[in-house]
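Notes follow the structure.
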Amino acid sequence: MKNKIVKANAGALTNFEVIELLNSRGASKDTSTRVMGLKDKVSKSEYKVYDYLMETAASTQTRESVTTFSDKCKDFKLAKAEILNIINLRPSSDVELTPILEKPDERGIDIEGILELVNELLPPLPTVETLEETEQEETENVEQEETAV
Amino acid sequence: MFCLSELEDTVRVPPHLLNGPLEDAIKEVLQKLFLDKVLSIGLCVSIYDIRSVKGGFVLPGDGAPTYKVRFRIVVFRPFVGEVIAAKFKESDSNGLRLTLGFFEDVYVPAPLIPTPNRCEPDPYNRNQMRWVWQYEGEEFIIDDSCQIKFRVENISYPPVPIERAEDAKPFAPMVVTGTIDDDGLGPVSWWEACAPISDQD
């Protein structure tokens with residue numbers, strides 16, 4: 001059988017969108033329900049991707065937060081790929097953000113502004129334990145809600 | 001990291017799948033054909049959707065219909081310059097090997113490790129060498145204690161070897177070369193102390 005590549009690049013996806021796709025197929029964090037049978041819709045290799053993504057910032061993002069963030073990023077003269085990379089990594093400090101951007105000094109990019117926007121709109125990484133208890137509770141609530149859905 | 005690609009393929013749907021909806025049957029065949037495989041466009045991760053199905057001919061001598069299917073798949077194909085968080089897998093005198101869980105052929109060759117550095121036998125693992133970055137009198141060890149961020153330098157699809165040496169590593173159809181030689185790259189613990197932005201609420 002021969003396959004033909006019609007369009008090699010039909011658009012990039014954020015990590016969040018891939019999680020959403022796998023969720024819609026019935027992927028879950030609960031390992032006990034993962035029966036690898038013929039009828040199972042999510043394959044083993046897809047679960048490996050899912051497990052990787054659940055450890056990234058994408059696991060706490062929502063469609064709303066991602067779209068508002070990418071809309072607001074347009075004011076910063078960033079390339080599309082850079083916005084995508086910021087959403088996937090969720091940098092929280094200067095030193096995390098600069099390697100993502102290409103020559104930020106020459107292009108005069110407002111790094112502080114981007115970081116503020118990230119802090120405001122994108123939820124923090126699931127593994128990062130914030131010292132403030134209120135924040136911790138918030139993230140826990142979000143996670144619970146997600147599993148409930 | 002991930003993107004969509006549109007493909008067209010001629011798919012034979014075996015009769016035992018035909019009692020359900022046709023789209024589900026085709027999806028199942030496509031999943032078996034493509035998932036976890038490397039094409040010239042990257043590593044296929046998941047079938048996204050089916051755009052169109054044509055045909056359905058039963059070829060002479062065959063007991064199953066064949067369809068011409070146009071569909072989209074999610075492929076793992078990082079772009080050059082992208083920063084990705086990975087985990088440490090192994091290291092030797094040639095450099096590091098990182099893993100993403102679903103993709104394990106990420107290499108950081110020795111010249112792309114921050115200098116000055118040195119490579120020494122790992123005291124915890126006899127089979128391994130470990131890399132140490134020496135910076136302003138301090139030593140930073142690269143090990144599996146935390147995530148490692150790398151920037152994609154190159155993606156290559158080596159041709160399938162005709163002959164294989166006996167001690168050769170398993171063949172990798174897709175290899176990502178990464179660099180950790182820049183501020184903010186490498187093990188995330190290296191940069192944690194560097195002026196984190198405090199929450200402004």
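Residue numbering restarts at 1 for every chain of the structure tokens, chains are lettered A, B, ... in their displayed order, and ligands are numbered from 1 as they appear.
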Using 9 Å as the limit and counting only C-alpha atoms, can you tabulate each residue of chain B that touches chain A, with its shortest atom-to-atom distance in Å and the two atoms involved, as a tab-separated table?
```
residue	atom	partner	partner_atom	distance
B:Met1	CA	A:Thr14	CA	7.4
B:Phe2	CA	A:Leu13	CA	5.4
B:Cys3	CA	A:Ala12	CA	3.9
B:Leu4	CA	A:Ala10	CA	5.0
B:Ser5	CA	A:Ala8	CA	4.8
B:Glu6	CA	A:Lys7	CA	4.9
B:Leu7	CA	A:Ile5	CA	4.5
B:Glu8	CA	A:Lys4	CA	5.0
B:Asp9	CA	A:Asn3	CA	4.3
B:Thr10	CA	A:Met1	CA	6.5
B:Val11	CA	A:Met1	CA	7.5
B:Arg12	CA	A:Met1	CA	8.9
B:Glu28	CA	A:Lys41	CA	8.4
B:Gln31	CA	A:Ser43	CA	8.4
B:Leu35	CA	A:Ser45	CA	7.2
B:Asp36	CA	A:Ser45	CA	6.0
B:Ile41	CA	A:Ala8	CA	6.4
B:Val45	CA	A:Glu46	CA	6.3
B:Ser46	CA	A:Glu46	CA	6.6
B:Tyr48	CA	A:Leu21	CA	7.7
B:Arg70	CA	A:Val6	CA	8.5
B:Arg72	CA	A:Ala10	CA	8.3
B:Val74	CA	A:Val18	CA	8.0
B:Phe79	CA	A:Ala81	CA	8.4
B:Gly81	CA	A:Ile100	CA	7.4
B:Glu82	CA	A:Asn85	CA	6.6
B:Val83	CA	A:Ile100	CA	5.9
B:Ile84	CA	A:Leu89	CA	7.4
B:Ala85	CA	A:Leu89	CA	7.7
B:Leu100	CA	A:Tyr52	CA	6.7
B:Gly101	CA	A:Tyr52	CA	6.1
B:Phe102	CA	A:Lys48	CA	5.1
B:Phe103	CA	A:Val49	CA	8.6
B:Arg151	CA	A:Pro99	CA	7.9
B:Asp182	CA	A:Pro99	CA	7.0
B:Asp183	CA	A:Val95	CA	6.5
B:Gly184	CA	A:Val95	CA	5.0
B:Leu185	CA	A:Pro99	CA	7.1
B:Val188	CA	A:Glu96	CA	8.9
B:Trp191	CA	A:Val95	CA	7.2
B:Glu192	CA	A:Ser93	CA	9.0
B:Cys194	CA	A:Val95	CA	7.1
B:Ala195	CA	A:Ser93	CA	7.0
B:Pro196	CA	A:Ser93	CA	5.0
B:Ile197	CA	A:Ser93	CA	5.5
B:Ser198	CA	A:Ser93	CA	9.0
B:Asp199	CA	A:Asn119	CA	7.4
B:Gln200	CA	A:Glu116	CA	8.6
```
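On the backbone of this structure, DSSP gives helix (DSSP H, G or I) within range 22-201 of chain B to Leu22, Glu23, Asp24, Ala25, Ile26, Lys27, Glu28, Val29, Leu30, Gln31, Lys32, Leu33, Phe34, Ala110, Pro111, Leu112, Val188, Ser189, Trp190 and Trp191 of chain B.
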Writing out the chosen residues with N, CA, C and O atoms as a short mmCIF file (atom, residue, chain, number, x, y, z; two decimals), in the first residue's frame:
```
data_model
loop_
_atom_site.label_atom_id
_atom_site.label_comp_id
_atom_site.auth_asym_id
_atom_site.auth_seq_id
_atom_site.Cartn_x
_atom_site.Cartn_y
_atom_site.Cartn_z
N LEU B 22 -18.61 2.63 8.96
CA LEU B 22 -17.45 2.54 8.08
C LEU B 22 -16.30 3.41 8.57
O LEU B 22 -15.13 3.02 8.53
N GLU B 23 -16.64 4.61 9.08
CA GLU B 23 -15.59 5.53 9.50
C GLU B 23 -14.76 4.93 10.64
O GLU B 23 -13.54 5.04 10.66
N ASP B 24 -15.43 4.28 11.60
CA ASP B 24 -14.72 3.65 12.70
C ASP B 24 -13.81 2.54 12.20
O ASP B 24 -12.67 2.39 12.66
N ALA B 25 -14.32 1.77 11.23
CA ALA B 25 -13.53 0.67 10.69
C ALA B 25 -12.28 1.19 10.01
O ALA B 25 -11.17 0.68 10.23
N ILE B 26 -12.45 2.26 9.22
CA ILE B 26 -11.29 2.83 8.51
C ILE B 26 -10.30 3.40 9.52
O ILE B 26 -9.09 3.23 9.40
N LYS B 27 -10.82 4.04 10.56
CA LYS B 27 -9.95 4.62 11.57
C LYS B 27 -9.10 3.53 12.24
O LYS B 27 -7.91 3.72 12.49
N GLU B 28 -9.73 2.42 12.50
CA GLU B 28 -9.01 1.33 13.16
C GLU B 28 -7.88 0.81 12.27
O GLU B 28 -6.76 0.55 12.73
N VAL B 29 -8.19 0.67 10.97
CA VAL B 29 -7.15 0.20 10.05
C VAL B 29 -6.02 1.21 9.98
O VAL B 29 -4.83 0.85 10.01
N LEU B 30 -6.38 2.49 9.90
CA LEU B 30 -5.36 3.54 9.80
C LEU B 30 -4.49 3.57 11.06
O LEU B 30 -3.27 3.76 10.98
N GLN B 31 -5.13 3.37 12.21
CA GLN B 31 -4.35 3.38 13.45
C GLN B 31 -3.32 2.28 13.45
O GLN B 31 -2.17 2.48 13.84
N LYS B 32 -3.72 1.12 12.98
CA LYS B 32 -2.78 0.00 12.94
C LYS B 32 -1.64 0.31 11.97
O LYS B 32 -0.50 -0.09 12.18
N LEU B 33 -2.00 0.99 10.87
CA LEU B 33 -1.00 1.25 9.84
C LEU B 33 0.01 2.32 10.26
O LEU B 33 1.19 2.21 9.96
N PHE B 34 -0.47 3.37 10.91
CA PHE B 34 0.38 4.56 11.05
C PHE B 34 0.88 4.85 12.46
O PHE B 34 1.94 5.43 12.61
N ALA B 110 28.58 16.10 22.39
CA ALA B 110 29.51 16.77 23.30
C ALA B 110 29.77 18.25 22.97
O ALA B 110 29.83 19.07 23.89
N PRO B 111 29.93 18.64 21.69
CA PRO B 111 30.21 20.07 21.42
C PRO B 111 29.05 21.00 21.79
O PRO B 111 29.25 22.21 21.88
N LEU B 112 27.85 20.46 22.01
CA LEU B 112 26.71 21.32 22.32
C LEU B 112 26.38 21.33 23.82
O LEU B 112 25.32 21.76 24.23
N VAL B 188 16.68 21.92 34.56
CA VAL B 188 15.93 23.09 35.03
C VAL B 188 16.43 23.57 36.40
O VAL B 188 16.30 24.75 36.73
N SER B 189 17.06 22.68 37.19
CA SER B 189 17.53 23.08 38.52
C SER B 189 18.67 24.10 38.43
O SER B 189 18.90 24.86 39.35
N TRP B 190 19.38 24.12 37.28
CA TRP B 190 20.47 25.09 37.11
C TRP B 190 19.97 26.52 37.18
O TRP B 190 20.69 27.44 37.56
N TRP B 191 18.75 26.74 36.76
CA TRP B 191 18.26 28.11 36.56
C TRP B 191 17.20 28.51 37.57
O TRP B 191 16.66 29.59 37.50
#
```
**Message:** Please return, as JSON, numbers by chain, all residues of chain B that DSSP assigns to strand (DSSP E) on the basis of the backbone.
**Reply:** {"B": [2, 3, 4, 5, 6, 7, 8, 9, 10, 11, 12, 38, 39, 42, 43, 44, 45, 46, 47, 48, 49, 50, 51, 52, 53, 54, 55, 56, 57, 58, 65, 66, 67, 68, 69, 70, 71, 72, 73, 74, 75, 76, 83, 84, 85, 86, 87, 88, 89, 90, 91, 92, 95, 96, 97, 98, 99, 106, 107, 108, 109, 117, 118, 119, 120, 121, 129, 130, 131, 132, 133, 134, 135, 138, 139, 140, 141, 142, 148, 149, 150, 151, 152, 153, 154, 155, 156, 175, 176, 177, 178, 179, 186, 187]}
**Near-Lys54 in chain B list (9 Å; only C-alpha atoms; drop same-chain fewer than 4 positions) as a PyMOL selection string** = chain B and resi 67-70
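Distances from B:Asp122, B:Pro116, B:Gln128, B:Thr66 to Asn94 in chain B were compared using only C-alpha atoms, and the smallest one belongs to B:Gln128.
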**Message:** So that I can check the surroundings of Ile83 in chain A, please list as a PyMOL selection string every protein, DNA and RNA residue that reaches within 8 Å of it, counting only C-alpha atoms and ignoring chain neighbours fewer than 4 positions away.
**Reply:** chain A and resi 70+73+78-79+87
Which residues are close to Leu98 in chain B, i.e. within 12 Å by only C-alpha atoms, leaving aside same-chain residues fewer than 2 positions away? Reply as a PDB file with N, CA, C and O atoms, in the first residue's frame.
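Output contents, as saved in selection_5.pdb:
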```
ATOM      1  N   ILE B  84      12.239  22.295  24.156  1.00  0.00           N
ATOM      2  CA  ILE B  84      11.405  21.197  24.636  1.00  0.00           C
ATOM      3  C   ILE B  84      11.977  20.693  25.956  1.00  0.00           C
ATOM      4  O   ILE B  84      13.195  20.620  26.128  1.00  0.00           O
ATOM      5  N   ALA B  85      11.080  20.349  26.891  1.00  0.00           N
ATOM      6  CA  ALA B  85      11.517  19.761  28.154  1.00  0.00           C
ATOM      7  C   ALA B  85      11.536  18.240  28.000  1.00  0.00           C
ATOM      8  O   ALA B  85      10.567  17.648  27.552  1.00  0.00           O
ATOM      9  N   ALA B  86      12.676  17.638  28.356  1.00  0.00           N
ATOM     10  CA  ALA B  86      12.818  16.194  28.223  1.00  0.00           C
ATOM     11  C   ALA B  86      13.383  15.622  29.509  1.00  0.00           C
ATOM     12  O   ALA B  86      13.642  16.349  30.468  1.00  0.00           O
ATOM     13  N   LYS B  87      13.551  14.312  29.529  1.00  0.00           N
ATOM     14  CA  LYS B  87      14.160  13.676  30.685  1.00  0.00           C
ATOM     15  C   LYS B  87      15.474  13.033  30.271  1.00  0.00           C
ATOM     16  O   LYS B  87      15.658  12.636  29.126  1.00  0.00           O
ATOM     17  N   PHE B  88      16.370  12.914  31.237  1.00  0.00           N
ATOM     18  CA  PHE B  88      17.672  12.303  31.002  1.00  0.00           C
ATOM     19  C   PHE B  88      17.496  10.805  30.764  1.00  0.00           C
ATOM     20  O   PHE B  88      16.737  10.145  31.465  1.00  0.00           O
ATOM     21  N   LYS B  89      18.195  10.273  29.768  1.00  0.00           N
ATOM     22  CA  LYS B  89      18.122   8.827  29.567  1.00  0.00           C
ATOM     23  C   LYS B  89      19.467   8.172  29.851  1.00  0.00           C
ATOM     24  O   LYS B  89      19.581   7.300  30.668  1.00  0.00           O
ATOM     25  N   GLU B  90      20.499   8.616  29.122  1.00  0.00           N
ATOM     26  CA  GLU B  90      21.826   8.086  29.392  1.00  0.00           C
ATOM     27  C   GLU B  90      22.875   9.060  28.877  1.00  0.00           C
ATOM     28  O   GLU B  90      22.566   9.975  28.120  1.00  0.00           O
ATOM     29  N   SER B  91      24.118   8.849  29.294  1.00  0.00           N
ATOM     30  CA  SER B  91      25.178   9.700  28.761  1.00  0.00           C
ATOM     31  C   SER B  91      26.461   8.900  28.659  1.00  0.00           C
ATOM     32  O   SER B  91      26.721   8.009  29.465  1.00  0.00           O
ATOM     33  N   ASP B  92      27.228   9.202  27.624  1.00  0.00           N
ATOM     34  CA  ASP B  92      28.556   8.605  27.489  1.00  0.00           C
ATOM     35  C   ASP B  92      29.519   9.682  26.998  1.00  0.00           C
ATOM     36  O   ASP B  92      29.164  10.865  26.989  1.00  0.00           O
ATOM     37  N   GLY B  95      28.277  12.276  24.434  1.00  0.00           N
ATOM     38  CA  GLY B  95      27.258  13.262  24.761  1.00  0.00           C
ATOM     39  C   GLY B  95      26.117  12.649  25.535  1.00  0.00           C
ATOM     40  O   GLY B  95      26.260  11.596  26.154  1.00  0.00           O
ATOM     41  N   LEU B  96      24.957  13.323  25.480  1.00  0.00           N
ATOM     42  CA  LEU B  96      23.792  12.879  26.251  1.00  0.00           C
ATOM     43  C   LEU B  96      22.729  12.292  25.343  1.00  0.00           C
ATOM     44  O   LEU B  96      22.650  12.623  24.159  1.00  0.00           O
ATOM     45  N   LEU B 100      11.622  11.639  25.679  1.00  0.00           N
ATOM     46  CA  LEU B 100      10.356  12.331  25.904  1.00  0.00           C
ATOM     47  C   LEU B 100       9.288  11.344  26.370  1.00  0.00           C
ATOM     48  O   LEU B 100       8.119  11.681  26.430  1.00  0.00           O
ATOM     49  N   GLY B 101       9.672  10.122  26.627  1.00  0.00           N
ATOM     50  CA  GLY B 101       8.687   9.112  26.994  1.00  0.00           C
ATOM     51  C   GLY B 101       8.197   8.354  25.778  1.00  0.00           C
ATOM     52  O   GLY B 101       8.367   7.155  25.670  1.00  0.00           O
ATOM     53  N   PHE B 102       7.627   9.093  24.822  1.00  0.00           N
ATOM     54  CA  PHE B 102       7.146   8.445  23.604  1.00  0.00           C
ATOM     55  C   PHE B 102       8.178   8.489  22.484  1.00  0.00           C
ATOM     56  O   PHE B 102       8.044   7.821  21.474  1.00  0.00           O
ATOM     57  N   PHE B 103       9.213   9.282  22.674  1.00  0.00           N
ATOM     58  CA  PHE B 103      10.258   9.416  21.659  1.00  0.00           C
ATOM     59  C   PHE B 103      11.601   9.484  22.379  1.00  0.00           C
ATOM     60  O   PHE B 103      11.800  10.336  23.239  1.00  0.00           O
ATOM     61  N   GLU B 104      12.489   8.563  22.047  1.00  0.00           N
ATOM     62  CA  GLU B 104      13.700   8.429  22.864  1.00  0.00           C
ATOM     63  C   GLU B 104      14.997   8.700  22.101  1.00  0.00           C
ATOM     64  O   GLU B 104      16.062   8.348  22.574  1.00  0.00           O
ATOM     65  N   ASP B 105      14.891   9.279  20.924  1.00  0.00           N
ATOM     66  CA  ASP B 105      16.107   9.487  20.137  1.00  0.00           C
ATOM     67  C   ASP B 105      16.474  10.961  20.054  1.00  0.00           C
ATOM     68  O   ASP B 105      16.607  11.523  18.971  1.00  0.00           O
ATOM     69  N   VAL B 106      16.627  11.569  21.211  1.00  0.00           N
ATOM     70  CA  VAL B 106      17.096  12.949  21.276  1.00  0.00           C
ATOM     71  C   VAL B 106      18.539  12.909  21.761  1.00  0.00           C
ATOM     72  O   VAL B 106      18.822  12.355  22.822  1.00  0.00           O
ATOM     73  N   TYR B 107      19.441  13.435  20.950  1.00  0.00           N
ATOM     74  CA  TYR B 107      20.856  13.397  21.318  1.00  0.00           C
ATOM     75  C   TYR B 107      21.418  14.806  21.483  1.00  0.00           C
ATOM     76  O   TYR B 107      21.110  15.691  20.698  1.00  0.00           O
ATOM     77  N   VAL B 108      22.213  14.971  22.506  1.00  0.00           N
ATOM     78  CA  VAL B 108      22.959  16.221  22.681  1.00  0.00           C
ATOM     79  C   VAL B 108      24.437  15.848  22.567  1.00  0.00           C
ATOM     80  O   VAL B 108      25.007  15.285  23.491  1.00  0.00           O
ATOM     81  N   PRO B 109      25.065  16.116  21.415  1.00  0.00           N
ATOM     82  CA  PRO B 109      26.467  15.750  21.250  1.00  0.00           C
ATOM     83  C   PRO B 109      27.388  16.606  22.108  1.00  0.00           C
ATOM     84  O   PRO B 109      27.013  17.721  22.500  1.00  0.00           O
ATOM     85  N   ILE B 142      25.175  16.974  35.192  1.00  0.00           N
ATOM     86  CA  ILE B 142      24.001  16.628  34.393  1.00  0.00           C
ATOM     87  C   ILE B 142      23.606  15.196  34.747  1.00  0.00           C
ATOM     88  O   ILE B 142      24.350  14.254  34.453  1.00  0.00           O
ATOM     89  N   ASP B 143      22.476  15.039  35.413  1.00  0.00           N
ATOM     90  CA  ASP B 143      22.019  13.683  35.744  1.00  0.00           C
ATOM     91  C   ASP B 143      20.493  13.622  35.627  1.00  0.00           C
ATOM     92  O   ASP B 143      19.869  14.541  35.105  1.00  0.00           O
ATOM     93  N   ASP B 144      19.919  12.543  36.118  1.00  0.00           N
ATOM     94  CA  ASP B 144      18.483  12.346  35.892  1.00  0.00           C
ATOM     95  C   ASP B 144      17.627  12.914  37.017  1.00  0.00           C
ATOM     96  O   ASP B 144      16.497  12.488  37.214  1.00  0.00           O
ATOM     97  N   CYS B 146      16.307  15.902  37.383  1.00  0.00           N
ATOM     98  CA  CYS B 146      15.189  16.766  36.995  1.00  0.00           C
ATOM     99  C   CYS B 146      15.084  16.834  35.472  1.00  0.00           C
ATOM    100  O   CYS B 146      15.855  16.220  34.761  1.00  0.00           O
ATOM    101  N   GLN B 147      14.089  17.601  35.023  1.00  0.00           N
ATOM    102  CA  GLN B 147      13.886  17.747  33.591  1.00  0.00           C
ATOM    103  C   GLN B 147      15.037  18.514  32.946  1.00  0.00           C
ATOM    104  O   GLN B 147      15.653  19.361  33.577  1.00  0.00           O
ATOM    105  N   ILE B 148      15.293  18.198  31.699  1.00  0.00           N
ATOM    106  CA  ILE B 148      16.345  18.894  30.961  1.00  0.00           C
ATOM    107  C   ILE B 148      15.704  19.554  29.745  1.00  0.00           C
ATOM    108  O   ILE B 148      14.988  18.907  28.990  1.00  0.00           O
ATOM    109  N   LYS B 149      15.958  20.859  29.608  1.00  0.00           N
ATOM    110  CA  LYS B 149      15.419  21.562  28.450  1.00  0.00           C
ATOM    111  C   LYS B 149      16.470  21.600  27.358  1.00  0.00           C
ATOM    112  O   LYS B 149      17.641  21.858  27.645  1.00  0.00           O
ATOM    113  N   PHE B 150      16.062  21.361  26.143  1.00  0.00           N
ATOM    114  CA  PHE B 150      17.013  21.462  25.041  1.00  0.00           C
ATOM    115  C   PHE B 150      16.360  22.238  23.899  1.00  0.00           C
ATOM    116  O   PHE B 150      15.140  22.337  23.818  1.00  0.00           O
ATOM    117  N   ARG B 151      17.225  22.783  23.032  1.00  0.00           N
ATOM    118  CA  ARG B 151      16.707  23.467  21.846  1.00  0.00           C
ATOM    119  C   ARG B 151      17.038  22.606  20.636  1.00  0.00           C
ATOM    120  O   ARG B 151      18.147  22.093  20.520  1.00  0.00           O
ATOM    121  N   VAL B 175      16.006  11.053  14.210  1.00  0.00           N
ATOM    122  CA  VAL B 175      16.911  11.474  15.272  1.00  0.00           C
ATOM    123  C   VAL B 175      16.838  12.989  15.427  1.00  0.00           C
ATOM    124  O   VAL B 175      16.944  13.725  14.444  1.00  0.00           O
ATOM    125  N   VAL B 176      16.628  13.444  16.662  1.00  0.00           N
ATOM    126  CA  VAL B 176      16.601  14.873  16.942  1.00  0.00           C
ATOM    127  C   VAL B 176      17.909  15.236  17.633  1.00  0.00           C
ATOM    128  O   VAL B 176      18.296  14.601  18.605  1.00  0.00           O
ATOM    129  N   THR B 177      18.607  16.230  17.081  1.00  0.00           N
ATOM    130  CA  THR B 177      19.817  16.717  17.728  1.00  0.00           C
ATOM    131  C   THR B 177      19.475  18.013  18.459  1.00  0.00           C
ATOM    132  O   THR B 177      18.856  18.900  17.892  1.00  0.00           O
ATOM    133  N   GLY B 178      19.861  18.074  19.717  1.00  0.00           N
ATOM    134  CA  GLY B 178      19.531  19.253  20.506  1.00  0.00           C
ATOM    135  C   GLY B 178      20.760  19.886  21.109  1.00  0.00           C
ATOM    136  O   GLY B 178      21.818  19.261  21.192  1.00  0.00           O
ATOM    137  N   THR B 179      20.615  21.138  21.515  1.00  0.00           N
ATOM    138  CA  THR B 179      21.704  21.821  22.204  1.00  0.00           C
ATOM    139  C   THR B 179      21.236  22.236  23.597  1.00  0.00           C
ATOM    140  O   THR B 179      20.057  22.525  23.797  1.00  0.00           O
ATOM    141  N   ILE B 180      22.154  22.209  24.564  1.00  0.00           N
ATOM    142  CA  ILE B 180      21.822  22.757  25.880  1.00  0.00           C
ATOM    143  C   ILE B 180      22.808  23.873  26.231  1.00  0.00           C
ATOM    144  O   ILE B 180      22.934  24.271  27.374  1.00  0.00           O
ATOM    145  N   GLY B 186      19.359  23.204  29.522  1.00  0.00           N
ATOM    146  CA  GLY B 186      19.981  22.228  30.410  1.00  0.00           C
ATOM    147  C   GLY B 186      19.040  21.871  31.536  1.00  0.00           C
ATOM    148  O   GLY B 186      17.856  22.218  31.482  1.00  0.00           O
ATOM    149  N   PRO B 187      19.536  21.169  32.572  1.00  0.00           N
ATOM    150  CA  PRO B 187      18.673  20.797  33.691  1.00  0.00           C
ATOM    151  C   PRO B 187      17.971  22.018  34.293  1.00  0.00           C
ATOM    152  O   PRO B 187      18.611  23.052  34.500  1.00  0.00           O
TER     153      PRO B 187
END
```
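For the pair CA of Ser156 in chain B and CA of Pro173 in chain B, the separation is 8.3 Å.
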